Structures are given as C-alpha cells and as structure tokens.
file protein-v9.cif (mmCIF, C-alpha atoms, pLDDT in the B column; chains and numbers go by the auth columns)
data_run
loop_
_atom_site.group_PDB
_atom_site.id
_atom_site.type_symbol
_atom_site.label_atom_id
_atom_site.label_comp_id
_atom_site.label_asym_id
_atom_site.label_seq_id
_atom_site.Cartn_x
_atom_site.Cartn_y
_atom_site.Cartn_z
_atom_site.B_iso_or_equiv
_atom_site.auth_seq_id
_atom_site.auth_asym_id
ATOM 1 C CA MET A 1 18.469 -7.922 8.172 40.00 1 A
ATOM 2 C CA SER A 2 19.446 -10.807 5.885 58.00 2 A
ATOM 3 C CA GLU A 3 19.079 -14.340 7.190 66.00 3 A
ATOM 4 C CA ASP A 4 22.112 -16.182 8.569 73.00 4 A
ATOM 5 C CA PRO A 5 23.670 -18.204 5.683 69.00 5 A
ATOM 6 C CA ASP A 6 24.126 -21.196 7.996 72.00 6 A
ATOM 7 C CA VAL A 7 20.422 -21.150 8.830 77.00 7 A
ATOM 8 C CA VAL A 8 19.493 -20.959 5.142 75.00 8 A
ATOM 9 C CA SER A 9 21.813 -23.816 4.193 75.00 9 A
ATOM 10 C CA ARG A 10 20.469 -25.995 6.998 79.00 10 A
ATOM 11 C CA ARG A 11 16.902 -25.335 5.887 83.00 11 A
ATOM 12 C CA ILE A 12 17.755 -26.254 2.288 81.00 12 A
ATOM 13 C CA ALA A 13 19.543 -29.373 3.525 75.00 13 A
ATOM 14 C CA ARG A 14 16.616 -30.363 5.728 77.00 14 A
ATOM 15 C CA GLU A 15 14.240 -30.143 2.764 83.00 15 A
ATOM 16 C CA SER A 16 16.463 -32.586 0.840 79.00 16 A
ATOM 17 C CA LEU A 17 16.892 -34.905 3.812 75.00 17 A
ATOM 18 C CA ASP A 18 13.137 -34.991 4.321 77.00 18 A
ATOM 19 C CA ARG A 19 12.867 -36.243 0.721 84.00 19 A
ATOM 20 C CA ASP A 20 15.470 -38.939 1.488 78.00 20 A
ATOM 21 C CA ASP A 21 17.912 -37.121 -0.826 79.00 21 A
ATOM 22 C CA PRO A 22 20.949 -36.446 1.385 79.00 22 A
ATOM 23 C CA THR A 23 23.106 -34.923 -1.379 84.00 23 A
ATOM 24 C CA GLY A 24 20.523 -32.983 -3.384 82.00 24 A
ATOM 25 C CA TRP A 25 20.812 -29.944 -1.155 82.00 25 A
ATOM 26 C CA PHE A 26 24.227 -29.066 -2.558 86.00 26 A
ATOM 27 C CA GLU A 27 22.762 -28.272 -5.974 90.00 27 A
ATOM 28 C CA ASN A 28 19.802 -26.471 -4.415 87.00 28 A
ATOM 29 C CA LEU A 29 22.125 -24.273 -2.357 88.00 29 A
ATOM 30 C CA TYR A 30 24.581 -23.468 -5.168 90.00 30 A
ATOM 31 C CA ALA A 31 21.725 -22.765 -7.584 90.00 31 A
ATOM 32 C CA ALA A 32 20.119 -20.405 -5.053 88.00 32 A
ATOM 33 C CA ALA A 33 23.492 -18.707 -4.511 86.00 33 A
ATOM 34 C CA ALA A 34 23.932 -18.245 -8.266 86.00 34 A
ATOM 35 C CA GLU A 35 20.533 -16.519 -8.328 86.00 35 A
ATOM 36 C CA GLY A 36 21.480 -14.318 -5.376 84.00 36 A
ATOM 37 C CA SER A 37 18.870 -15.754 -3.000 80.00 37 A
ATOM 38 C CA ALA A 38 21.357 -17.589 -0.746 81.00 38 A
ATOM 39 C CA VAL A 39 24.999 -17.522 0.300 82.00 39 A
ATOM 40 C CA VAL A 40 27.241 -20.584 0.432 84.00 40 A
ATOM 41 C CA PRO A 41 28.575 -20.397 4.014 79.00 41 A
ATOM 42 C CA TRP A 42 31.913 -22.037 3.220 80.00 42 A
ATOM 43 C CA ASP A 43 32.625 -20.061 0.025 82.00 43 A
ATOM 44 C CA ARG A 44 35.439 -17.853 1.299 78.00 44 A
ATOM 45 C CA GLY A 45 36.534 -16.257 -1.982 86.00 45 A
ATOM 46 C CA THR A 46 39.971 -17.753 -1.350 93.00 46 A
ATOM 47 C CA ALA A 47 41.497 -21.137 -0.611 96.00 47 A
ATOM 48 C CA HIS A 48 40.886 -22.535 2.880 96.00 48 A
ATOM 49 C CA GLN A 49 43.270 -21.131 5.476 95.00 49 A
ATOM 50 C CA LEU A 50 44.442 -24.579 6.608 97.00 50 A
ATOM 51 C CA LEU A 51 45.119 -25.609 3.019 98.00 51 A
ATOM 52 C CA LEU A 52 47.112 -22.416 2.500 97.00 52 A
ATOM 53 C CA GLU A 53 49.107 -23.192 5.646 97.00 53 A
ATOM 54 C CA TRP A 54 49.761 -26.765 4.506 98.00 54 A
ATOM 55 C CA VAL A 55 51.017 -25.535 1.126 98.00 55 A
ATOM 56 C CA GLN A 56 53.280 -22.974 2.799 97.00 56 A
ATOM 57 C CA GLU A 57 54.702 -25.553 5.213 97.00 57 A
ATOM 58 C CA SER A 58 55.031 -28.476 2.813 96.00 58 A
ATOM 59 C CA ALA A 59 55.909 -26.532 -0.350 96.00 59 A
ATOM 60 C CA PRO A 60 54.589 -29.360 -2.554 96.00 60 A
ATOM 61 C CA ASP A 61 55.917 -29.594 -6.104 95.00 61 A
ATOM 62 C CA GLY A 62 53.178 -30.790 -8.410 97.00 62 A
ATOM 63 C CA ALA A 63 55.305 -31.186 -11.523 97.00 63 A
ATOM 64 C CA ASP A 64 54.317 -34.427 -13.300 98.00 64 A
ATOM 65 C CA LYS A 65 51.817 -35.211 -10.525 98.00 65 A
ATOM 66 C CA THR A 66 48.033 -35.368 -10.363 98.00 66 A
ATOM 67 C CA ALA A 67 45.703 -33.904 -7.762 98.00 67 A
ATOM 68 C CA LEU A 68 42.016 -34.286 -6.994 98.00 68 A
ATOM 69 C CA ILE A 69 39.899 -31.790 -5.056 98.00 69 A
ATOM 70 C CA VAL A 70 36.875 -33.427 -3.432 98.00 70 A
ATOM 71 C CA GLY A 71 33.909 -31.064 -3.373 96.00 71 A
ATOM 72 C CA ALA A 72 35.265 -28.374 -5.688 95.00 72 A
ATOM 73 C CA GLY A 73 32.703 -25.773 -4.690 94.00 73 A
ATOM 74 C CA THR A 74 33.484 -22.546 -6.499 93.00 74 A
ATOM 75 C CA GLY A 75 37.068 -23.508 -7.205 97.00 75 A
ATOM 76 C CA TRP A 76 39.384 -21.610 -4.868 96.00 76 A
ATOM 77 C CA ASP A 77 41.109 -24.656 -3.375 98.00 77 A
ATOM 78 C CA ALA A 78 41.598 -26.203 -6.805 98.00 78 A
ATOM 79 C CA GLU A 79 43.204 -23.030 -8.132 98.00 79 A
ATOM 80 C CA LEU A 80 45.755 -23.022 -5.304 98.00 80 A
ATOM 81 C CA ILE A 81 46.747 -26.631 -5.998 98.00 81 A
ATOM 82 C CA ALA A 82 46.839 -26.118 -9.763 98.00 82 A
ATOM 83 C CA ASP A 83 49.158 -23.151 -9.208 97.00 83 A
ATOM 84 C CA ARG A 84 51.566 -25.571 -7.458 98.00 84 A
ATOM 85 C CA GLY A 85 51.974 -27.390 -10.767 98.00 85 A
ATOM 86 C CA TYR A 86 49.635 -30.344 -10.221 98.00 86 A
ATOM 87 C CA ASP A 87 47.484 -31.628 -13.067 98.00 87 A
ATOM 88 C CA THR A 88 44.383 -30.850 -11.017 98.00 88 A
ATOM 89 C CA THR A 89 40.895 -32.290 -11.278 98.00 89 A
ATOM 90 C CA ALA A 90 38.170 -30.813 -9.081 98.00 90 A
ATOM 91 C CA PHE A 91 34.693 -32.269 -8.828 98.00 91 A
ATOM 92 C CA ASP A 92 31.399 -31.457 -7.221 97.00 92 A
ATOM 93 C CA ILE A 93 27.999 -33.138 -7.251 96.00 93 A
ATOM 94 C CA SER A 94 26.416 -29.749 -7.966 95.00 94 A
ATOM 95 C CA PRO A 95 26.378 -28.630 -11.628 96.00 95 A
ATOM 96 C CA SER A 96 25.748 -25.068 -10.437 95.00 96 A
ATOM 97 C CA ALA A 97 28.923 -25.167 -8.324 95.00 97 A
ATOM 98 C CA ILE A 98 30.960 -26.294 -11.343 97.00 98 A
ATOM 99 C CA GLU A 99 29.387 -23.591 -13.522 95.00 99 A
ATOM 100 C CA THR A 100 30.309 -21.007 -10.878 94.00 100 A
ATOM 101 C CA ALA A 101 33.870 -22.345 -10.690 96.00 101 A
ATOM 102 C CA HIS A 102 34.205 -21.921 -14.449 96.00 102 A
ATOM 103 C CA ARG A 103 32.875 -18.365 -14.203 94.00 103 A
ATOM 104 C CA ASN A 104 35.183 -17.514 -11.315 93.00 104 A
ATOM 105 C CA HIS A 105 38.274 -18.940 -13.022 96.00 105 A
ATOM 106 C CA PRO A 106 37.832 -18.644 -16.804 96.00 106 A
ATOM 107 C CA ASP A 107 41.540 -19.180 -17.491 96.00 107 A
ATOM 108 C CA SER A 108 41.973 -22.015 -15.014 97.00 108 A
ATOM 109 C CA LYS A 109 44.478 -24.819 -15.474 97.00 109 A
ATOM 110 C CA ALA A 110 42.259 -27.076 -13.337 98.00 110 A
ATOM 111 C CA HIS A 111 39.721 -29.490 -14.799 98.00 111 A
ATOM 112 C CA TYR A 112 36.290 -28.995 -13.254 98.00 112 A
ATOM 113 C CA ARG A 113 33.654 -31.707 -13.583 97.00 113 A
ATOM 114 C CA VAL A 114 30.437 -32.963 -12.054 98.00 114 A
ATOM 115 C CA ALA A 115 30.809 -36.240 -10.135 97.00 115 A
ATOM 116 C CA ASP A 116 29.457 -37.958 -7.035 97.00 116 A
ATOM 117 C CA LEU A 117 31.817 -38.877 -4.181 97.00 117 A
ATOM 118 C CA LEU A 118 29.523 -41.778 -3.273 96.00 118 A
ATOM 119 C CA ALA A 119 29.881 -43.181 -6.816 97.00 119 A
ATOM 120 C CA PRO A 120 33.201 -41.902 -8.212 97.00 120 A
ATOM 121 C CA PRO A 121 34.415 -42.805 -11.723 97.00 121 A
ATOM 122 C CA ALA A 122 36.127 -46.202 -11.775 97.00 122 A
ATOM 123 C CA ASP A 123 39.281 -44.814 -13.385 98.00 123 A
ATOM 124 C CA TRP A 124 39.860 -42.562 -10.358 98.00 124 A
ATOM 125 C CA HIS A 125 40.662 -45.574 -8.156 97.00 125 A
ATOM 126 C CA HIS A 126 44.181 -45.103 -6.685 97.00 126 A
ATOM 127 C CA ALA A 127 44.778 -42.490 -9.424 98.00 127 A
ATOM 128 C CA PHE A 128 45.879 -39.251 -7.703 98.00 128 A
ATOM 129 C CA ASP A 129 49.184 -38.222 -6.132 98.00 129 A
ATOM 130 C CA LEU A 130 47.383 -35.676 -3.949 98.00 130 A
ATOM 131 C CA VAL A 131 43.779 -35.819 -2.770 98.00 131 A
ATOM 132 C CA VAL A 132 42.344 -32.840 -0.870 98.00 132 A
ATOM 133 C CA GLU A 133 39.099 -33.292 1.069 98.00 133 A
ATOM 134 C CA ILE A 134 37.757 -30.186 2.806 97.00 134 A
ATOM 135 C CA TYR A 135 34.344 -30.164 4.514 95.00 135 A
ATOM 136 C CA THR A 136 32.680 -32.666 2.138 96.00 136 A
ATOM 137 C CA VAL A 137 32.418 -35.701 4.405 97.00 137 A
ATOM 138 C CA GLN A 138 31.121 -33.538 7.264 95.00 138 A
ATOM 139 C CA ALA A 139 28.403 -32.154 4.966 92.00 139 A
ATOM 140 C CA LEU A 140 26.911 -35.653 4.726 93.00 140 A
ATOM 141 C CA PRO A 141 24.697 -37.219 7.409 92.00 141 A
ATOM 142 C CA ILE A 142 26.659 -39.265 9.932 94.00 142 A
ATOM 143 C CA ALA A 143 25.225 -42.542 8.613 93.00 143 A
ATOM 144 C CA LEU A 144 26.788 -41.848 5.198 95.00 144 A
ATOM 145 C CA GLN A 145 30.199 -40.734 6.473 97.00 145 A
ATOM 146 C CA PRO A 146 31.856 -44.208 6.614 97.00 146 A
ATOM 147 C CA GLU A 147 31.008 -44.809 2.954 97.00 147 A
ATOM 148 C CA ALA A 148 32.243 -41.339 2.010 98.00 148 A
ATOM 149 C CA VAL A 149 35.509 -41.892 3.905 98.00 149 A
ATOM 150 C CA LYS A 150 36.031 -45.178 2.072 97.00 150 A
ATOM 151 C CA HIS A 151 35.589 -43.504 -1.305 98.00 151 A
ATOM 152 C CA VAL A 152 37.929 -40.623 -0.417 98.00 152 A
ATOM 153 C CA THR A 153 40.709 -43.019 0.566 98.00 153 A
ATOM 154 C CA SER A 154 40.208 -45.090 -2.600 97.00 154 A
ATOM 155 C CA LEU A 155 41.286 -42.127 -4.727 98.00 155 A
ATOM 156 C CA VAL A 156 44.851 -41.886 -3.356 98.00 156 A
ATOM 157 C CA ALA A 157 47.583 -43.393 -5.552 98.00 157 A
ATOM 158 C CA PRO A 158 50.450 -45.503 -4.182 97.00 158 A
ATOM 159 C CA GLY A 159 52.956 -43.045 -2.706 97.00 159 A
ATOM 160 C CA GLY A 160 50.251 -40.391 -2.700 98.00 160 A
ATOM 161 C CA THR A 161 49.109 -37.932 -0.039 98.00 161 A
ATOM 162 C CA LEU A 162 45.649 -37.309 1.370 98.00 162 A
ATOM 163 C CA LEU A 163 44.895 -34.045 3.147 98.00 163 A
ATOM 164 C CA VAL A 164 41.665 -33.826 5.168 98.00 164 A
ATOM 165 C CA ILE A 165 40.342 -30.630 6.739 98.00 165 A
ATOM 166 C CA ALA A 166 37.157 -30.786 8.800 97.00 166 A
ATOM 167 C CA ALA A 167 35.346 -29.325 11.759 95.00 167 A
ATOM 168 C CA ALA A 168 35.954 -31.336 14.936 97.00 168 A
ATOM 169 C CA ARG A 169 33.651 -32.585 17.653 93.00 169 A
ATOM 170 C CA PRO A 170 34.260 -34.535 20.875 90.00 170 A
ATOM 171 C CA ASP A 171 34.098 -38.315 20.644 88.00 171 A
ATOM 172 C CA ASP A 172 31.679 -38.405 23.552 90.00 172 A
ATOM 173 C CA GLN A 173 29.148 -36.081 21.931 91.00 173 A
ATOM 174 C CA PRO A 174 26.162 -38.216 20.858 91.00 174 A
ATOM 175 C CA ASP A 175 25.285 -38.231 17.176 91.00 175 A
ATOM 176 C CA ASP A 176 21.727 -37.216 18.025 90.00 176 A
ATOM 177 C CA ASP A 177 23.042 -33.968 19.517 91.00 177 A
ATOM 178 C CA ILE A 178 24.338 -32.812 16.130 89.00 178 A
ATOM 179 C CA GLN A 179 21.869 -30.766 14.131 83.00 179 A
ATOM 180 C CA GLY A 180 23.665 -30.608 10.806 78.00 180 A
ATOM 181 C CA PRO A 181 24.809 -29.723 8.388 87.00 181 A
ATOM 182 C CA PRO A 182 27.596 -29.833 9.113 90.00 182 A
ATOM 183 C CA TRP A 183 28.077 -33.000 11.092 94.00 183 A
ATOM 184 C CA PRO A 184 31.633 -32.417 12.435 96.00 184 A
ATOM 185 C CA LEU A 185 34.034 -35.332 12.596 97.00 185 A
ATOM 186 C CA THR A 186 35.155 -37.110 15.754 96.00 186 A
ATOM 187 C CA ARG A 187 38.766 -38.137 16.256 96.00 187 A
ATOM 188 C CA ALA A 188 37.658 -41.703 15.536 95.00 188 A
ATOM 189 C CA THR A 189 36.254 -40.656 12.158 96.00 189 A
ATOM 190 C CA ILE A 190 39.420 -38.755 11.271 97.00 190 A
ATOM 191 C CA GLN A 191 41.461 -41.807 12.204 97.00 191 A
ATOM 192 C CA SER A 192 39.212 -44.017 10.070 97.00 192 A
ATOM 193 C CA PHE A 193 40.674 -42.471 6.915 98.00 193 A
ATOM 194 C CA ALA A 194 43.817 -44.458 7.782 97.00 194 A
ATOM 195 C CA ALA A 195 43.467 -48.070 6.702 85.00 195 A
ATOM 196 C CA ALA A 196 45.809 -50.785 5.484 82.00 196 A
ATOM 197 C CA ASP A 197 48.526 -48.984 3.514 95.00 197 A
ATOM 198 C CA LEU A 198 47.206 -45.439 4.069 97.00 198 A
ATOM 199 C CA ARG A 199 48.965 -44.084 7.168 97.00 199 A
ATOM 200 C CA LEU A 200 48.103 -41.040 9.285 98.00 200 A
ATOM 201 C CA ILE A 201 51.356 -39.090 9.446 97.00 201 A
ATOM 202 C CA GLN A 202 50.214 -35.731 10.867 97.00 202 A
ATOM 203 C CA LEU A 203 47.161 -34.621 12.860 98.00 203 A
ATOM 204 C CA SER A 204 46.486 -31.217 14.378 97.00 204 A
ATOM 205 C CA GLN A 205 43.529 -29.362 15.826 96.00 205 A
ATOM 206 C CA SER A 206 43.136 -25.591 15.763 95.00 206 A
ATOM 207 C CA PRO A 207 40.421 -23.025 16.477 94.00 207 A
ATOM 208 C CA SER A 208 38.567 -21.302 13.673 88.00 208 A
ATOM 209 C CA PRO A 209 39.578 -17.644 13.221 87.00 209 A
ATOM 210 C CA ALA A 210 35.885 -16.735 13.045 80.00 210 A
ATOM 211 C CA ASP A 211 34.893 -18.580 16.231 85.00 211 A
ATOM 212 C CA ALA A 212 37.483 -19.868 18.695 88.00 212 A
ATOM 213 C CA SER A 213 34.954 -22.347 20.089 87.00 213 A
ATOM 214 C CA VAL A 214 34.905 -24.157 16.738 88.00 214 A
ATOM 215 C CA LEU A 215 37.833 -26.556 16.385 95.00 215 A
ATOM 216 C CA ARG A 216 39.122 -27.909 13.073 96.00 216 A
ATOM 217 C CA TRP A 217 41.129 -30.961 12.115 98.00 217 A
ATOM 218 C CA ARG A 218 43.988 -30.945 9.660 98.00 218 A
ATOM 219 C CA ALA A 219 45.126 -34.476 8.914 98.00 219 A
ATOM 220 C CA GLU A 220 47.711 -35.746 6.446 98.00 220 A
ATOM 221 C CA TYR A 221 47.973 -39.357 5.295 98.00 221 A
ATOM 222 C CA LEU A 222 50.463 -41.173 3.094 98.00 222 A
ATOM 223 C CA ARG A 223 49.803 -44.268 0.999 98.00 223 A
ATOM 224 C CA ASP A 224 52.749 -46.693 1.026 94.00 224 A
#
call {"tool": "encode", "arguments": {"input": "protein-v9.cif", "output": "structure tokens"}}
result
Amino acid sequence: MSEDPDVVSRRIARESLDRDDPTGWFENLYAAAAEGSAVVPWDRGTAHQLLLEWVQESAPDGADKTALIVGAGTGWDAELIADRGYDTTAFDISPSAIETAHRNHPDSKAHYRVADLLAPPADWHHAFDLVVEIYTVQALPIALQPEAVKHVTSLVAPGGTLLVIAAARPDDQPDDDIQGPPWPLTRATIQSFAAADLRLIQLSQSPSPADASVLRWRAEYLRD
C-alpha cells in the first residue's frame, strides 16, 4: 500500500526544517511529485472548493484588473481567476511547481513565475486588485507566519481585495501541539491580516468535505 501523501510531505518538510531551511521542502516535494515518487497532498486537479464558491457568490469581473495567486502550485487556482478576466500572475518558490503549472496549462493566460513570499519583488507592493492566498502561510512554521502575513497584505492595491483560505485551529491550542506541516491558523492569525487600511469584511468557517473534523477559514479583506 502506498504511503500517505501527508506523511510523505511532512517527512520531506522535516528534513528541510532540520537543515534550517523552512521553505526548501516545497521544491523537494514538487520535484519528487514530478518524478512520480510523491504526491502533493493539496494538488486537487481543480481550483479549491472555497475559491470556486467565492467566485460563484461574488461573480468578480477582472476586466482591466490585476490578480496575484500566492503559492501557485500546479496552477488550478490561477486558471480560475484568469478565466474571470484578471491579468493574473501566479508565483511559487518551487521551480518544479511552476514547470508543472506550465505543463498542465500550456495555453494559459496566467503568468507563472518563481518568487519567494518572504522576499517578494519590490514592484509588487500594493500592485494587485485581487490577491488570493490559499494554504501558503499555514505551510510555514508558526514563527514565520507573522512575516508571511505582512508580505501577503503588502501586495493588495488600494481598493483591492484579499481572499485568504486556510485550515483553522482553536486559539487555545498550544503551538507546540501542532506537528506541521500544515500549521493551521488561529482566529487571531486570520484577523492579523487586517491592519490599518485593510479591513476584514467577511469571515466564515466550514468543515472540509474530506474530513468534517477539519475546519477551514475563508476570509475576505478590502483595502480602502
């Protein structure tokens, strides 16, 4: 019987963390997946269900607007947003993920590129009308999450929208109890995306279709 993909990804992550390289495991996992020796647990072969629901409910019109997908992975979320008319950029720290996205979507309208959330290009500051962050912050150790949140919020343009989707955990669950990845986000962490002129305008929590005991946040923010 094949090994649980979550177990494999955690082992690959632990090897990187033990080398004091908290983001290197993304490339190791995507490269192993490209070779067929691992499976990316969050690669659904379609856009995330909560992103699909948000698009259906909000019916965003991306004409003459820009969008940024944080943690592009293999591209499914970016394709959905690009199909809404946004000039869409999608980035990932893993070159293998970007190569896979190009293979999956050879005729894509989205722009896929390698970049690091913890050191984003300077010209992305306040540059995007829509920023979509799904499962990237929670894939980083808890100590790095405040910095990652700060960089995510810095990407949203004036008048722009930020959509965050993440696994949830109780505020009273000690950090030491979390054996990530992922390291799910507390309500306090979700609320920390809101700062100064970036307002939380919608927050919901719902169970995962695969496991009702796993709760997920969907949060929408607006920059004044």
call {"tool": "closest_residue", "arguments": {"input": "protein-v9.cif", "among": "A:Val152, A:Thr161, A:Arg187, A:Ala78", "to": "A:His48", "atoms": "all atoms listed in the file"}}
result
A:Ala78
call {"tool": "closest_residue", "arguments": {"input": "protein-v9.cif", "among": "A:Val55, A:Gly159, A:Thr100, A:Asp224", "to": "A:Glu35", "atoms": "only C-alpha atoms"}}
result
A:Thr100
call {"tool": "residues_around", "arguments": {"input": "protein-v9.cif", "residues": "A:Arg11", "least_positions_apart": "3", "cutoff": "10 Å", "atoms": "only C-alpha atoms", "output": "number ranges by chain"}}
result
A: 5-8, 14-17, 25, 29, 180-181
call {"tool": "atom_distance", "arguments": {"input": "protein-v9.cif", "atom1": "atom CA of A:Leu200", "atom2": "atom CA of A:Arg223"}}
result
9.1 Å
call {"tool": "residues_around", "arguments": {"input": "protein-v9.cif", "residues": "stretch 101-114 of chain A", "least_positions_apart": "4", "cutoff": "9 Å", "atoms": "all atoms listed in the file", "output": "ChimeraX atom specification"}}
result
/A:72-76,78-79,81-83,86-97
call {"tool": "resolve_selection", "arguments": {"input": "protein-v9.cif", "expression": "the PyMOL selection byres ((chain A and resi 120) around 12)", "output": "number ranges by chain"}}
result
A: 68, 70-71, 91-93, 113-119, 121-127, 147-148, 150-155
call {"tool": "atom_distance", "arguments": {"input": "protein-v9.cif", "atom1": "atom CA of A:Gly85", "atom2": "atom CA of A:Asp197"}}
result
26.1 Å
call {"tool": "axis_aligned_box", "arguments": {"input": "protein-v9.cif", "around": "stretch 167-174 of chain A", "padding_each_side": "3 Å", "output": "AutoDock Vina command-line options"}}
result
--center_x 31.1 --center_y -33.9 --center_z 17.7 --size_x 15.8 --size_y 15.1 --size_z 17.8
call {"tool": "atom_distance", "arguments": {"input": "protein-v9.cif", "atom1": "atom CA of A:Asp61", "atom2": "atom CA of A:Gly45"}}
result
23.9 Å
call {"tool": "resolve_selection", "arguments": {"input": "protein-v9.cif", "expression": "the PyMOL selection byres ((chain A and resi 193) around 10)", "output": "PDB file with C-alpha atoms, in the coordinates of the input"}}
result
ATOM      1  CA  PRO A 146      31.856 -44.208   6.614  1.00 97.00           C
ATOM      2  CA  ALA A 148      32.243 -41.339   2.010  1.00 98.00           C
ATOM      3  CA  VAL A 149      35.509 -41.892   3.905  1.00 98.00           C
ATOM      4  CA  LYS A 150      36.031 -45.178   2.072  1.00 97.00           C
ATOM      5  CA  HIS A 151      35.589 -43.504  -1.305  1.00 98.00           C
ATOM      6  CA  VAL A 152      37.929 -40.623  -0.417  1.00 98.00           C
ATOM      7  CA  THR A 153      40.709 -43.019   0.566  1.00 98.00           C
ATOM      8  CA  SER A 154      40.208 -45.090  -2.600  1.00 97.00           C
ATOM      9  CA  LEU A 162      45.649 -37.309   1.370  1.00 98.00           C
ATOM     10  CA  VAL A 164      41.665 -33.826   5.168  1.00 98.00           C
ATOM     11  CA  ALA A 188      37.658 -41.703  15.536  1.00 95.00           C
ATOM     12  CA  THR A 189      36.254 -40.656  12.158  1.00 96.00           C
ATOM     13  CA  ILE A 190      39.420 -38.755  11.271  1.00 97.00           C
ATOM     14  CA  GLN A 191      41.461 -41.807  12.204  1.00 97.00           C
ATOM     15  CA  SER A 192      39.212 -44.017  10.070  1.00 97.00           C
ATOM     16  CA  ALA A 194      43.817 -44.458   7.782  1.00 97.00           C
ATOM     17  CA  ALA A 195      43.467 -48.070   6.702  1.00 85.00           C
ATOM     18  CA  ALA A 196      45.809 -50.785   5.484  1.00 82.00           C
ATOM     19  CA  LEU A 198      47.206 -45.439   4.069  1.00 97.00           C
ATOM     20  CA  ARG A 199      48.965 -44.084   7.168  1.00 97.00           C
ATOM     21  CA  LEU A 200      48.103 -41.040   9.285  1.00 98.00           C
ATOM     22  CA  ALA A 219      45.126 -34.476   8.914  1.00 98.00           C
ATOM     23  CA  GLU A 220      47.711 -35.746   6.446  1.00 98.00           C
ATOM     24  CA  TYR A 221      47.973 -39.357   5.295  1.00 98.00           C
TER      25      TYR A 221
END
call {"tool": "residues_around", "arguments": {"input": "protein-v9.cif", "residues": "A:Ala166", "least_positions_apart": "4", "cutoff": "8 Å", "atoms": "all atoms listed in the file", "output": "count of residues only"}}
result
8
call {"tool": "resolve_selection", "arguments": {"input": "protein-v9.cif", "expression": "the PyMOL selection byres ((chain A and resi 215) around 7)", "output": "list in words"}}
result
Ala167, Ala168, Gln205, Ser206, Pro207, Ser208, Ser213, Val214, Arg216 and Trp217 of chain A
call {"tool": "decode", "arguments": {"input": "protein-v9.cif", "residues": "stretch 105-124 of chain A", "atoms": "N, CA and C atoms", "output": "PDB file, in the first residue's frame"}}
result
ATOM      1  N   HIS A 105      -1.062  23.627 -18.078  1.00  0.00           N
ATOM      2  CA  HIS A 105      -1.864  24.678 -18.717  1.00  0.00           C
ATOM      3  C   HIS A 105      -1.050  25.348 -19.825  1.00  0.00           C
ATOM      4  N   PRO A 106      -0.756  24.617 -20.906  1.00  0.00           N
ATOM      5  CA  PRO A 106       0.139  25.150 -21.934  1.00  0.00           C
ATOM      6  C   PRO A 106      -0.408  26.383 -22.646  1.00  0.00           C
ATOM      7  N   ASP A 107      -1.705  26.559 -22.649  1.00  0.00           N
ATOM      8  CA  ASP A 107      -2.311  27.710 -23.333  1.00  0.00           C
ATOM      9  C   ASP A 107      -2.832  28.740 -22.332  1.00  0.00           C
ATOM     10  N   SER A 108      -2.249  28.769 -21.167  1.00  0.00           N
ATOM     11  CA  SER A 108      -2.745  29.623 -20.090  1.00  0.00           C
ATOM     12  C   SER A 108      -2.616  31.105 -20.413  1.00  0.00           C
ATOM     13  N   LYS A 109      -3.564  31.872 -19.881  1.00  0.00           N
ATOM     14  CA  LYS A 109      -3.484  33.335 -19.943  1.00  0.00           C
ATOM     15  C   LYS A 109      -2.763  33.880 -18.707  1.00  0.00           C
ATOM     16  N   ALA A 110      -2.530  33.031 -17.716  1.00  0.00           N
ATOM     17  CA  ALA A 110      -1.851  33.466 -16.493  1.00  0.00           C
ATOM     18  C   ALA A 110      -0.339  33.515 -16.707  1.00  0.00           C
ATOM     19  N   HIS A 111       0.314  34.330 -15.891  1.00  0.00           N
ATOM     20  CA  HIS A 111       1.770  34.457 -15.940  1.00  0.00           C
ATOM     21  C   HIS A 111       2.333  33.731 -14.717  1.00  0.00           C
ATOM     22  N   TYR A 112       3.039  32.645 -14.967  1.00  0.00           N
ATOM     23  CA  TYR A 112       3.615  31.863 -13.872  1.00  0.00           C
ATOM     24  C   TYR A 112       5.085  32.226 -13.705  1.00  0.00           C
ATOM     25  N   ARG A 113       5.500  32.419 -12.440  1.00  0.00           N
ATOM     26  CA  ARG A 113       6.899  32.761 -12.195  1.00  0.00           C
ATOM     27  C   ARG A 113       7.338  32.278 -10.821  1.00  0.00           C
ATOM     28  N   VAL A 114       8.638  32.099 -10.703  1.00  0.00           N
ATOM     29  CA  VAL A 114       9.238  31.705  -9.423  1.00  0.00           C
ATOM     30  C   VAL A 114       9.502  32.961  -8.603  1.00  0.00           C
ATOM     31  N   ALA A 115       9.034  32.967  -7.361  1.00  0.00           N
ATOM     32  CA  ALA A 115       9.279  34.084  -6.441  1.00  0.00           C
ATOM     33  C   ALA A 115       9.076  33.586  -5.021  1.00  0.00           C
ATOM     34  N   ASP A 116       9.589  34.357  -4.070  1.00  0.00           N
ATOM     35  CA  ASP A 116       9.566  33.993  -2.659  1.00  0.00           C
ATOM     36  C   ASP A 116       8.649  34.955  -1.909  1.00  0.00           C
ATOM     37  N   LEU A 117       7.612  34.425  -1.262  1.00  0.00           N
ATOM     38  CA  LEU A 117       6.692  35.270  -0.497  1.00  0.00           C
ATOM     39  C   LEU A 117       7.428  36.068   0.573  1.00  0.00           C
ATOM     40  N   LEU A 118       8.480  35.511   1.149  1.00  0.00           N
ATOM     41  CA  LEU A 118       9.198  36.192   2.217  1.00  0.00           C
ATOM     42  C   LEU A 118      10.157  37.264   1.685  1.00  0.00           C
ATOM     43  N   ALA A 119      10.284  37.344   0.361  1.00  0.00           N
ATOM     44  CA  ALA A 119      11.088  38.407  -0.268  1.00  0.00           C
ATOM     45  C   ALA A 119      10.504  38.723  -1.641  1.00  0.00           C
ATOM     46  N   PRO A 120       9.264  39.251  -1.682  1.00  0.00           N
ATOM     47  CA  PRO A 120       8.596  39.464  -2.966  1.00  0.00           C
ATOM     48  C   PRO A 120       9.234  40.611  -3.751  1.00  0.00           C
ATOM     49  N   PRO A 121       9.064  40.619  -5.079  1.00  0.00           N
ATOM     50  CA  PRO A 121       9.597  41.715  -5.890  1.00  0.00           C
ATOM     51  C   PRO A 121       9.060  43.063  -5.414  1.00  0.00           C
ATOM     52  N   ALA A 122       9.913  44.074  -5.425  1.00  0.00           N
ATOM     53  CA  ALA A 122       9.526  45.389  -4.908  1.00  0.00           C
ATOM     54  C   ALA A 122       8.357  45.987  -5.681  1.00  0.00           C
ATOM     55  N   ASP A 123       8.290  45.711  -6.983  1.00  0.00           N
ATOM     56  CA  ASP A 123       7.227  46.324  -7.790  1.00  0.00           C
ATOM     57  C   ASP A 123       5.871  45.653  -7.581  1.00  0.00           C
ATOM     58  N   TRP A 124       5.801  44.647  -6.726  1.00  0.00           N
ATOM     59  CA  TRP A 124       4.507  44.043  -6.386  1.00  0.00           C
ATOM     60  C   TRP A 124       3.847  44.751  -5.211  1.00  0.00           C
TER      61      TRP A 124
END
